[in-house]
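Listing of protein-v1.txt, compact mmCIF, C-alpha atoms
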# COMPACT_ATOMS: atom_id res chain seq x y z
CA MET A 1 150.99 91.83 127.60
CA MET A 2 154.20 90.68 129.18
CA ARG A 3 155.44 94.24 129.20
CA LYS A 4 152.41 95.37 131.11
CA HIS A 5 153.08 92.80 133.80
CA ILE A 6 156.64 93.92 134.12
CA GLU A 7 155.56 97.52 134.42
CA ILE A 8 153.07 96.70 137.12
CA GLY A 9 155.70 94.64 138.86
CA CYS A 10 158.06 97.60 138.80
CA LEU A 11 155.37 99.83 140.22
CA PHE A 12 154.87 97.50 143.17
CA LEU A 13 158.57 97.28 143.70
CA LEU A 14 158.76 101.06 143.81
CA LEU A 15 155.83 101.35 146.17
CA GLY A 16 157.33 98.67 148.34
CA ALA A 17 160.62 100.52 148.41
CA CYS A 18 158.91 103.72 149.47
CA GLN A 19 157.24 101.86 152.28
CA GLU A 20 160.63 100.68 153.40
CA ILE A 21 162.05 104.18 153.39
CA LYS A 22 159.05 105.56 155.18
CA THR A 23 159.37 103.34 158.22
CA ASN A 24 163.08 103.89 158.66
CA PHE A 25 163.61 107.49 157.79
CA GLU A 26 165.09 109.89 160.25
CA LEU A 27 162.99 112.91 161.12
CA PRO A 28 163.99 115.99 159.14
CA ILE A 29 165.58 119.01 160.78
CA LEU A 30 163.32 121.91 159.94
CA GLY A 31 163.95 125.60 159.57
CA ARG A 32 166.37 127.73 157.64
CA ASN A 33 170.03 127.09 158.29
CA GLN A 34 172.26 130.01 159.07
CA ILE A 35 175.58 130.29 157.38
CA ALA A 36 178.36 131.68 159.49
CA THR A 37 181.97 132.15 158.47
CA LYS A 38 184.63 131.29 160.93
CA GLU A 39 188.35 131.31 160.87
CA VAL A 40 190.28 128.12 161.37
CA ASN A 41 194.07 128.35 161.21
CA GLY A 42 193.94 131.53 159.17
CA ILE A 43 191.48 130.08 156.64
CA PHE A 44 187.89 131.27 156.51
CA ILE A 45 185.44 128.43 156.30
CA LYS A 46 181.67 128.42 156.07
CA ASP A 47 179.76 126.81 158.84
CA THR A 48 176.08 125.87 158.70
CA ILE A 49 174.22 126.42 161.92
CA PRO A 50 170.89 124.66 161.99
CA HIS A 51 167.80 126.55 163.09
CA ARG A 52 167.39 126.30 166.87
CA ILE A 53 164.86 127.49 169.43
CA ALA A 54 166.15 130.78 170.87
CA ASP A 55 166.72 131.36 174.58
CA PHE A 56 163.51 132.01 176.47
CA SER A 57 162.31 132.67 179.99
CA PHE A 58 158.65 132.40 180.95
CA ILE A 59 156.55 131.81 184.08
CA ASN A 60 154.52 128.61 184.44
CA GLN A 61 151.23 127.77 186.14
CA ASP A 62 153.02 127.29 189.49
CA SER A 63 154.86 130.64 189.23
CA ALA A 64 158.14 128.87 188.48
CA VAL A 65 160.56 130.22 185.89
CA ILE A 66 160.71 128.03 182.78
CA THR A 67 163.66 128.32 180.42
CA ASN A 68 165.31 126.13 177.82
CA ALA A 69 167.13 124.50 180.71
CA SER A 70 163.79 123.17 181.99
CA PHE A 71 163.76 120.94 178.90
CA LYS A 72 167.38 119.88 179.12
CA ASP A 73 167.73 116.26 178.03
CA LYS A 74 164.10 116.21 177.02
CA ILE A 75 162.32 116.33 173.74
CA TYR A 76 159.19 118.43 173.91
CA VAL A 77 156.05 119.40 172.08
CA ALA A 78 155.21 123.11 171.94
CA ASP A 79 152.02 124.91 171.02
CA PHE A 80 150.34 128.31 171.27
CA PHE A 81 146.84 128.77 172.67
CA PHE A 82 144.68 130.93 174.91
CA ILE A 83 142.08 130.00 177.48
CA ASN A 84 139.16 131.96 176.05
CA CYS A 85 139.70 130.70 172.54
CA PRO A 86 136.33 129.74 171.11
CA SER A 87 137.49 128.01 167.96
CA ILE A 88 140.37 125.55 167.66
CA CYS A 89 141.92 125.49 171.15
CA PRO A 90 139.40 123.10 172.72
CA GLU A 91 140.34 120.49 170.12
CA MET A 92 144.05 121.30 170.53
CA SER A 93 143.78 120.76 174.29
CA LYS A 94 142.02 117.48 173.71
CA GLN A 95 144.68 116.31 171.26
CA MET A 96 147.58 117.52 173.43
CA TYR A 97 145.99 115.66 176.33
CA ARG A 98 146.32 112.47 174.27
CA VAL A 99 150.06 113.11 173.97
CA TYR A 100 150.18 113.82 177.72
CA GLU A 101 148.54 110.51 178.56
CA GLU A 102 150.70 108.60 176.11
CA PHE A 103 154.00 109.87 177.60
CA LEU A 104 152.93 110.46 181.19
CA GLU A 105 155.46 107.96 182.51
CA ASN A 106 158.29 108.98 180.20
CA GLU A 107 160.38 111.70 181.76
CA ASN A 108 162.23 112.31 178.51
CA VAL A 109 159.14 113.94 177.05
CA GLY A 110 157.66 117.32 178.03
CA LEU A 111 154.87 119.57 176.82
CA LEU A 112 155.00 123.36 176.59
CA SER A 113 151.87 125.43 175.95
CA HIS A 114 152.36 129.18 175.54
CA THR A 115 149.44 131.52 176.04
CA ILE A 116 149.17 134.23 173.42
CA ASP A 117 146.80 136.19 175.65
CA PRO A 118 149.04 136.94 178.65
CA THR A 119 146.86 139.85 179.75
CA TYR A 120 143.99 137.54 180.57
CA ASP A 121 145.86 134.26 181.04
CA THR A 122 147.66 135.08 184.26
CA VAL A 123 149.54 132.51 186.34
CA ALA A 124 146.36 131.97 188.38
CA ALA A 125 144.24 131.49 185.26
CA LEU A 126 146.72 128.99 183.85
CA ALA A 127 146.85 127.13 187.16
CA ASN A 128 143.06 126.87 187.11
CA TYR A 129 143.14 125.67 183.51
CA ALA A 130 145.69 122.97 184.32
CA ARG A 131 143.62 121.93 187.34
CA LEU A 132 140.44 121.62 185.26
CA LEU A 133 142.33 119.65 182.66
CA GLY A 134 143.83 117.52 185.42
CA VAL A 135 147.47 117.89 184.39
CA SER A 136 150.55 119.20 186.15
CA SER A 137 154.06 120.55 185.84
CA PRO A 138 156.76 119.50 184.96
CA LYS A 139 155.12 117.15 182.46
CA TRP A 140 152.95 119.89 180.99
CA GLU A 141 154.08 123.49 181.40
CA PHE A 142 151.60 126.27 180.70
CA VAL A 143 153.56 129.48 180.36
CA THR A 144 152.87 133.16 180.26
CA GLY A 145 155.22 136.11 180.10
CA ASP A 146 156.05 139.17 178.11
CA LYS A 147 153.65 139.37 175.19
CA ASP A 148 156.25 140.45 172.64
CA GLN A 149 158.62 137.74 173.73
CA ILE A 150 155.90 135.12 173.29
CA TYR A 151 154.91 136.36 169.82
CA ASP A 152 158.53 136.70 168.85
CA ILE A 153 159.57 133.19 169.83
CA GLY A 154 156.42 131.87 168.15
CA GLU A 155 157.29 133.45 164.87
CA THR A 156 161.04 133.24 164.75
CA SER A 157 161.83 130.04 166.65
CA TYR A 158 158.74 127.84 166.26
CA MET A 159 157.78 129.36 162.91
CA VAL A 160 154.07 129.62 163.68
CA VAL A 161 151.65 132.51 163.44
CA ALA A 162 150.65 134.04 166.77
CA ASN A 163 149.29 137.55 166.93
CA GLU A 164 146.47 139.80 168.00
CA ASP A 165 143.79 140.30 165.38
CA GLU A 166 140.45 141.78 166.28
CA ASN A 167 138.77 140.03 163.36
CA ALA A 168 139.77 136.52 164.39
CA PRO A 169 137.54 134.46 166.73
CA GLY A 170 138.41 135.44 170.28
CA GLY A 171 140.63 138.31 169.11
CA PHE A 172 143.79 136.39 168.23
CA ILE A 173 145.02 134.77 165.09
CA HIS A 174 147.16 131.73 165.65
CA SER A 175 147.96 128.39 164.18
CA GLY A 176 146.93 125.11 165.73
CA ALA A 177 150.35 123.63 165.11
CA PHE A 178 152.16 121.28 167.47
CA LEU A 179 155.95 121.49 167.13
CA LEU A 180 158.24 118.62 167.99
CA ILE A 181 161.55 119.87 169.43
CA ASP A 182 164.55 117.64 170.01
CA LYS A 183 167.17 117.71 172.78
CA GLU A 184 169.36 119.98 170.65
CA ARG A 185 166.52 122.54 170.45
CA ARG A 186 165.88 121.77 166.79
CA VAL A 187 162.42 121.58 165.20
CA ARG A 188 161.85 118.02 164.01
CA GLY A 189 158.19 118.04 163.02
CA VAL A 190 155.10 120.20 162.57
CA TYR A 191 151.63 118.71 163.09
CA ASP A 192 148.10 120.07 162.95
CA GLY A 193 146.97 119.89 166.56
CA THR A 194 143.31 119.91 165.57
CA ILE A 195 143.45 116.68 163.56
CA ALA A 196 143.57 113.35 165.38
CA SER A 197 145.44 111.51 162.61
CA GLN A 198 148.17 114.18 162.62
CA VAL A 199 148.56 113.69 166.35
CA ASP A 200 148.74 109.91 165.83
CA LEU A 201 151.71 110.67 163.60
CA LEU A 202 153.22 113.00 166.20
CA ILE A 203 153.03 110.22 168.81
CA LYS A 204 154.80 107.86 166.40
CA ASP A 205 157.44 110.48 165.63
CA ILE A 206 158.09 111.12 169.33
CA ASN A 207 158.79 107.42 169.76
CA ARG A 208 161.03 107.45 166.71
CA LEU A 209 162.95 110.48 167.98
CA LEU A 210 163.30 108.92 171.43
CA SER A 211 164.75 105.75 169.99
CA SER A 212 167.24 107.74 167.91
CA TYR A 213 168.79 108.85 171.22
CA GLU A 214 169.09 105.31 172.46
CA GLN A 215 171.43 104.17 169.68
CA MET B 216 112.58 117.43 126.85
CA SER B 217 111.81 114.03 128.37
CA ASN B 218 115.18 114.23 130.02
CA ASN B 219 114.04 117.32 131.88
CA TYR B 220 111.00 115.48 133.20
CA LEU B 221 113.19 112.68 134.39
CA PHE B 222 115.27 115.16 136.36
CA LEU B 223 112.16 116.71 137.79
CA PHE B 224 110.91 113.33 138.99
CA PHE B 225 114.27 112.51 140.45
CA TYR B 226 114.33 115.84 142.25
CA LEU B 227 110.82 115.36 143.60
CA PHE B 228 111.76 111.90 144.75
CA LEU B 229 114.74 113.30 146.65
CA VAL B 230 112.74 116.07 148.28
CA LEU B 231 109.96 113.70 149.28
CA SER B 232 112.28 111.10 150.71
CA CYS B 233 114.06 113.76 152.77
CA ASN B 234 110.73 114.90 154.08
CA SER B 235 110.05 111.67 155.92
CA TYR B 236 111.52 113.06 159.12
CA GLN B 237 113.76 110.79 161.11
CA LYS B 238 114.70 111.95 164.59
CA PRO B 239 118.38 111.56 165.53
CA VAL B 240 118.93 108.13 167.13
CA GLU B 241 120.33 109.63 170.33
CA SER B 242 117.18 111.71 170.89
CA GLN B 243 113.98 110.85 172.75
CA LEU B 244 110.52 111.60 171.45
CA PRO B 245 107.52 111.16 173.76
CA GLU B 246 104.93 108.62 172.61
CA ASN B 247 101.37 109.37 171.55
CA LEU B 248 102.04 112.80 170.09
CA ASP B 249 99.63 113.99 167.46
CA GLU B 250 101.12 114.03 163.98
CA ALA B 251 101.57 117.80 163.63
CA TYR B 252 103.26 118.18 167.01
CA LYS B 253 105.43 115.15 166.39
CA MET B 254 106.55 116.60 163.08
CA LYS B 255 107.49 119.93 164.62
CA TYR B 256 109.24 118.23 167.56
CA THR B 257 111.25 116.06 165.16
CA GLN B 258 112.12 119.05 163.03
CA TYR B 259 113.51 120.87 166.10
CA LEU B 260 115.56 117.81 167.03
CA ILE B 261 117.03 117.57 163.53
CA GLN B 262 117.78 121.30 163.25
CA GLY B 263 119.05 121.37 166.82
CA LYS B 264 121.49 118.60 166.07
CA ILE B 265 122.88 120.47 163.06
CA LEU B 266 123.29 123.64 165.13
CA TYR B 267 124.82 121.72 168.01
CA ASN B 268 127.34 120.08 165.69
CA THR B 269 128.51 123.39 164.27
CA ASN B 270 128.43 125.52 167.44
CA CYS B 271 128.99 123.30 170.42
CA THR B 272 130.67 119.94 169.71
CA HIS B 273 134.22 121.23 169.73
CA CYS B 274 133.81 121.93 173.44
CA HIS B 275 131.00 119.67 174.69
CA GLN B 276 131.85 116.79 172.30
CA ASN B 277 129.70 114.71 170.00
CA SER B 278 127.61 112.96 172.61
CA GLY B 279 127.40 115.80 175.13
CA GLU B 280 129.95 114.03 177.29
CA GLY B 281 132.14 117.12 177.71
CA PHE B 282 135.92 117.04 178.09
CA ARG B 283 137.68 116.66 181.44
CA LYS B 284 136.53 119.42 183.81
CA LEU B 285 137.19 122.09 181.22
CA TYR B 286 134.02 121.61 179.24
CA PRO B 287 131.16 120.28 181.37
CA ALA B 288 129.04 117.35 180.25
CA LEU B 289 125.56 118.24 179.08
CA ILE B 290 124.28 114.80 180.03
CA GLY B 291 122.36 115.31 183.26
CA SER B 292 123.43 118.97 183.46
CA ALA B 293 121.52 120.85 186.16
CA ALA B 294 121.86 124.09 184.23
CA LEU B 295 119.92 122.38 181.51
CA MET B 296 117.50 120.08 183.29
CA VAL B 297 116.75 121.91 186.53
CA ASP B 298 117.07 125.60 185.68
CA MET B 299 116.97 125.86 181.92
CA SER B 300 117.26 129.64 181.96
CA GLN B 301 120.90 129.12 182.93
CA ALA B 302 121.49 127.10 179.78
CA ALA B 303 119.61 129.59 177.59
CA CYS B 304 121.51 132.56 179.04
CA LEU B 305 124.84 130.74 178.71
CA ILE B 306 124.20 129.97 175.06
CA LYS B 307 123.15 133.50 174.16
CA TYR B 308 125.36 135.64 176.39
CA GLY B 309 128.10 133.34 177.67
CA THR B 310 129.31 132.82 181.23
CA LYS B 311 129.32 136.50 182.10
CA ALA B 312 125.53 136.56 181.87
CA THR B 313 124.74 133.79 184.31
CA ARG B 314 123.69 134.87 187.74
CA LYS B 315 126.24 132.90 189.68
CA ALA B 316 129.65 131.87 188.55
CA LEU B 317 129.48 128.11 188.32
CA ASN B 318 132.41 126.81 190.40
CA GLN B 319 135.57 128.36 188.90
CA ASN B 320 135.04 126.98 185.44
CA ILE B 321 136.58 128.67 182.48
CA ALA B 322 134.15 130.87 180.60
CA MET B 323 131.76 129.80 177.89
CA PRO B 324 131.77 132.32 175.03
CA ALA B 325 128.61 134.22 174.03
CA GLN B 326 126.86 133.23 170.82
CA ALA B 327 124.64 136.26 170.49
CA GLU B 328 124.14 135.67 166.78
CA LEU B 329 121.90 132.67 167.52
CA SER B 330 118.21 133.51 167.11
CA ASN B 331 115.59 132.50 169.65
CA LEU B 332 114.35 129.87 167.20
CA GLU B 333 117.85 128.42 166.92
CA ILE B 334 118.22 128.40 170.70
CA ALA B 335 114.85 126.64 170.99
CA GLU B 336 116.02 124.00 168.52
CA ILE B 337 119.34 123.55 170.32
CA LEU B 338 117.66 123.30 173.74
CA THR B 339 115.12 120.83 172.38
CA TYR B 340 117.93 118.72 170.97
CA ILE B 341 120.35 118.76 173.94
CA GLY B 342 117.46 118.57 176.42
CA ASN B 343 116.20 115.35 174.84
CA SER B 344 119.31 113.50 173.77
CA TRP B 345 121.79 111.06 175.34
CA GLY B 346 119.28 110.24 178.07
CA ASN B 347 118.26 113.83 178.88
CA GLN B 348 114.51 114.35 178.99
CA SER B 349 113.24 117.87 179.37
CA GLY B 350 110.64 118.03 176.63
CA PHE B 351 109.95 120.32 173.73
CA ILE B 352 111.16 123.92 174.04
CA SER B 353 109.28 126.49 172.00
CA VAL B 354 110.45 129.90 170.80
CA SER B 355 108.18 131.69 173.26
CA GLN B 356 109.61 129.62 176.12
CA VAL B 357 113.09 130.74 175.06
CA GLU B 358 111.95 134.36 175.20
CA THR B 359 110.84 133.82 178.79
CA LEU B 360 114.05 131.95 179.69
CA LEU B 361 116.15 134.85 178.42
CA VAL B 362 114.32 137.59 180.32
CA ASP B 363 116.36 137.24 183.48
CA CYS B 364 119.87 136.88 182.11
CA ALA B 365 122.13 139.14 184.11
CA THR B 366 124.09 141.44 181.89
CA TYR B 367 127.26 142.83 183.29
Hey, can you dump this file as structure tokens for me?
Amino acid sequence: MMRKHIEIGCLFLLLGACQEIKTNFELPILGRNQIATKEVNGIFIKDTIPHRIADFSFINQDSAVITNASFKDKIYVADFFFINCPSICPEMSKQMYRVYEEFLENENVGLLSHTIDPTYDTVAALANYARLLGVSSPKWEFVTGDKDQIYDIGETSYMVVANEDENAPGGFIHSGAFLLIDKERRVRGVYDGTIASQVDLLIKDINRLLSSYEQ
Amino acid sequence: MSNNYLFLFFYLFLVLSCNSYQKPVESQLPENLDEAYKMKYTQYLIQGKILYNTNCTHCHQNSGEGFRKLYPALIGSAALMVDMSQAACLIKYGTKATRKALNQNIAMPAQAELSNLEIAEILTYIGNSWGNQSGFISVSQVETLLVDCATY
């Protein structure tokens, strides 16, 4: 009898401890590290280079060039979408709009939506989309550009699926992921942009990441 | 053996209790309808709601309120209440089939796989919910509404 009580007590202690860890933990750094060897004073040493978002250059809804430098000293949330997407994008836009409203006044936070249908989603089409949504640059950049460059950065830097597929709704297969990127261009979180509770978590994590820069 | 009968009764009970049609709370049903018409009307509202929830809510939202200017509200929509052929054509063939481009909106996709019966149920539901009141829409009315859709 007594033993049972102790066991249950231990269980609560454990659960309580987890709770503690959960609220204080630092966001993970995601992606595969690269190992590079470099020479220091004639000795070869191994150096781990964390996964980072590669250099990019796209055009936004106002015809301005957007590069990594546009997000200098900012953390940002990236996603991949297309205007004529019949399935998940409407919900993604709605959820991303929540993030937009939440951090509208905070200039340390930006949003970056890449179209995966650059043939149709021209600068003018993106400008119209942003107008209908009622959002503007630089807070929320909608970018288009070279199709291969968009797919490539999606797969290799943001680690999401983005591709043409005639069998998928609207002709493209893509994930509804939102990626949280820190000021060092590292991926710090992946969230399902079609699920409100995941986006609640994203908003919490943005605040957590912001405060890690204040210390 | 008696167990089987018990199941049968339970099953019958379920079927019968489902049969007492309840219209969705957000929908309007005119008063003084005769029983048969009322039953059919209610059935369209119920089916229409199911179809709306699977095919339309992700853009027009649960209560037809729409989202920003991207996805127009269906509450008080002129394309629905004033010229219903616009709504019917939009549902079946998408934006490209409507006669005039409605002010620079993004396009609504075609849902050509919907049958005329399904469109009638959807129109009955969205035309009589959230304060909209445009009455019962039959399958033959849908046929007429779809005659004029421009096809580009």
Kindly provide, as a compact mmCIF listing (two decimals) with C-alpha atoms, in the coordinates of the input, the residues of chain A having any atom no farther than 10 Å from an atom of chain B, counting all atoms listed in the file.
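Resulting contents of part-v9.txt:
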# COMPACT_ATOMS: atom_id res chain seq x y z
CA ILE A 83 142.08 130.00 177.48
CA ASN A 84 139.16 131.96 176.05
CA CYS A 85 139.70 130.70 172.54
CA PRO A 86 136.33 129.74 171.11
CA SER A 87 137.49 128.01 167.96
CA ILE A 88 140.37 125.55 167.66
CA CYS A 89 141.92 125.49 171.15
CA PRO A 90 139.40 123.10 172.72
CA GLU A 91 140.34 120.49 170.12
CA MET A 92 144.05 121.30 170.53
CA SER A 93 143.78 120.76 174.29
CA LYS A 94 142.02 117.48 173.71
CA TYR A 97 145.99 115.66 176.33
CA ALA A 125 144.24 131.49 185.26
CA ASN A 128 143.06 126.87 187.11
CA TYR A 129 143.14 125.67 183.51
CA ALA A 130 145.69 122.97 184.32
CA ARG A 131 143.62 121.93 187.34
CA LEU A 132 140.44 121.62 185.26
CA LEU A 133 142.33 119.65 182.66
CA GLY A 134 143.83 117.52 185.42
CA GLY A 170 138.41 135.44 170.28
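Distances to Ile195 in chain A were evaluated for A:Asp148, A:Gly171, A:Glu166, A:Arg98 using only C-alpha atoms, and the minimum falls at A:Arg98.
From CA of His51 in chain A back to CA of Phe178 in chain A, the distance works out to 17.1 Å.
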Could you check how far CA of Val109 in chain A sits from CA of Lys139 in chain A, in Å to one decimal? 7.5 Å
Around all of range 92-110 of chain A's listed atoms, make the axis-aligned box with 6 Å on each side and tell me centre and edge lengths in Å to one decimal, as AutoDock Vina command-line options.
--center_x 152.1 --center_y 114.6 --center_z 176.5 --size_x 32.2 --size_y 25.3 --size_z 24.0
Applying 7 Å and only C-alpha atoms, which residues near range 290-305 of chain B remain after dropping the ones on its own chain fewer than 6 positions away? List them as JSON, numbers by chain. {"B": [279, 280, 312, 313, 325, 342, 345, 347, 349, 360, 361, 364]}
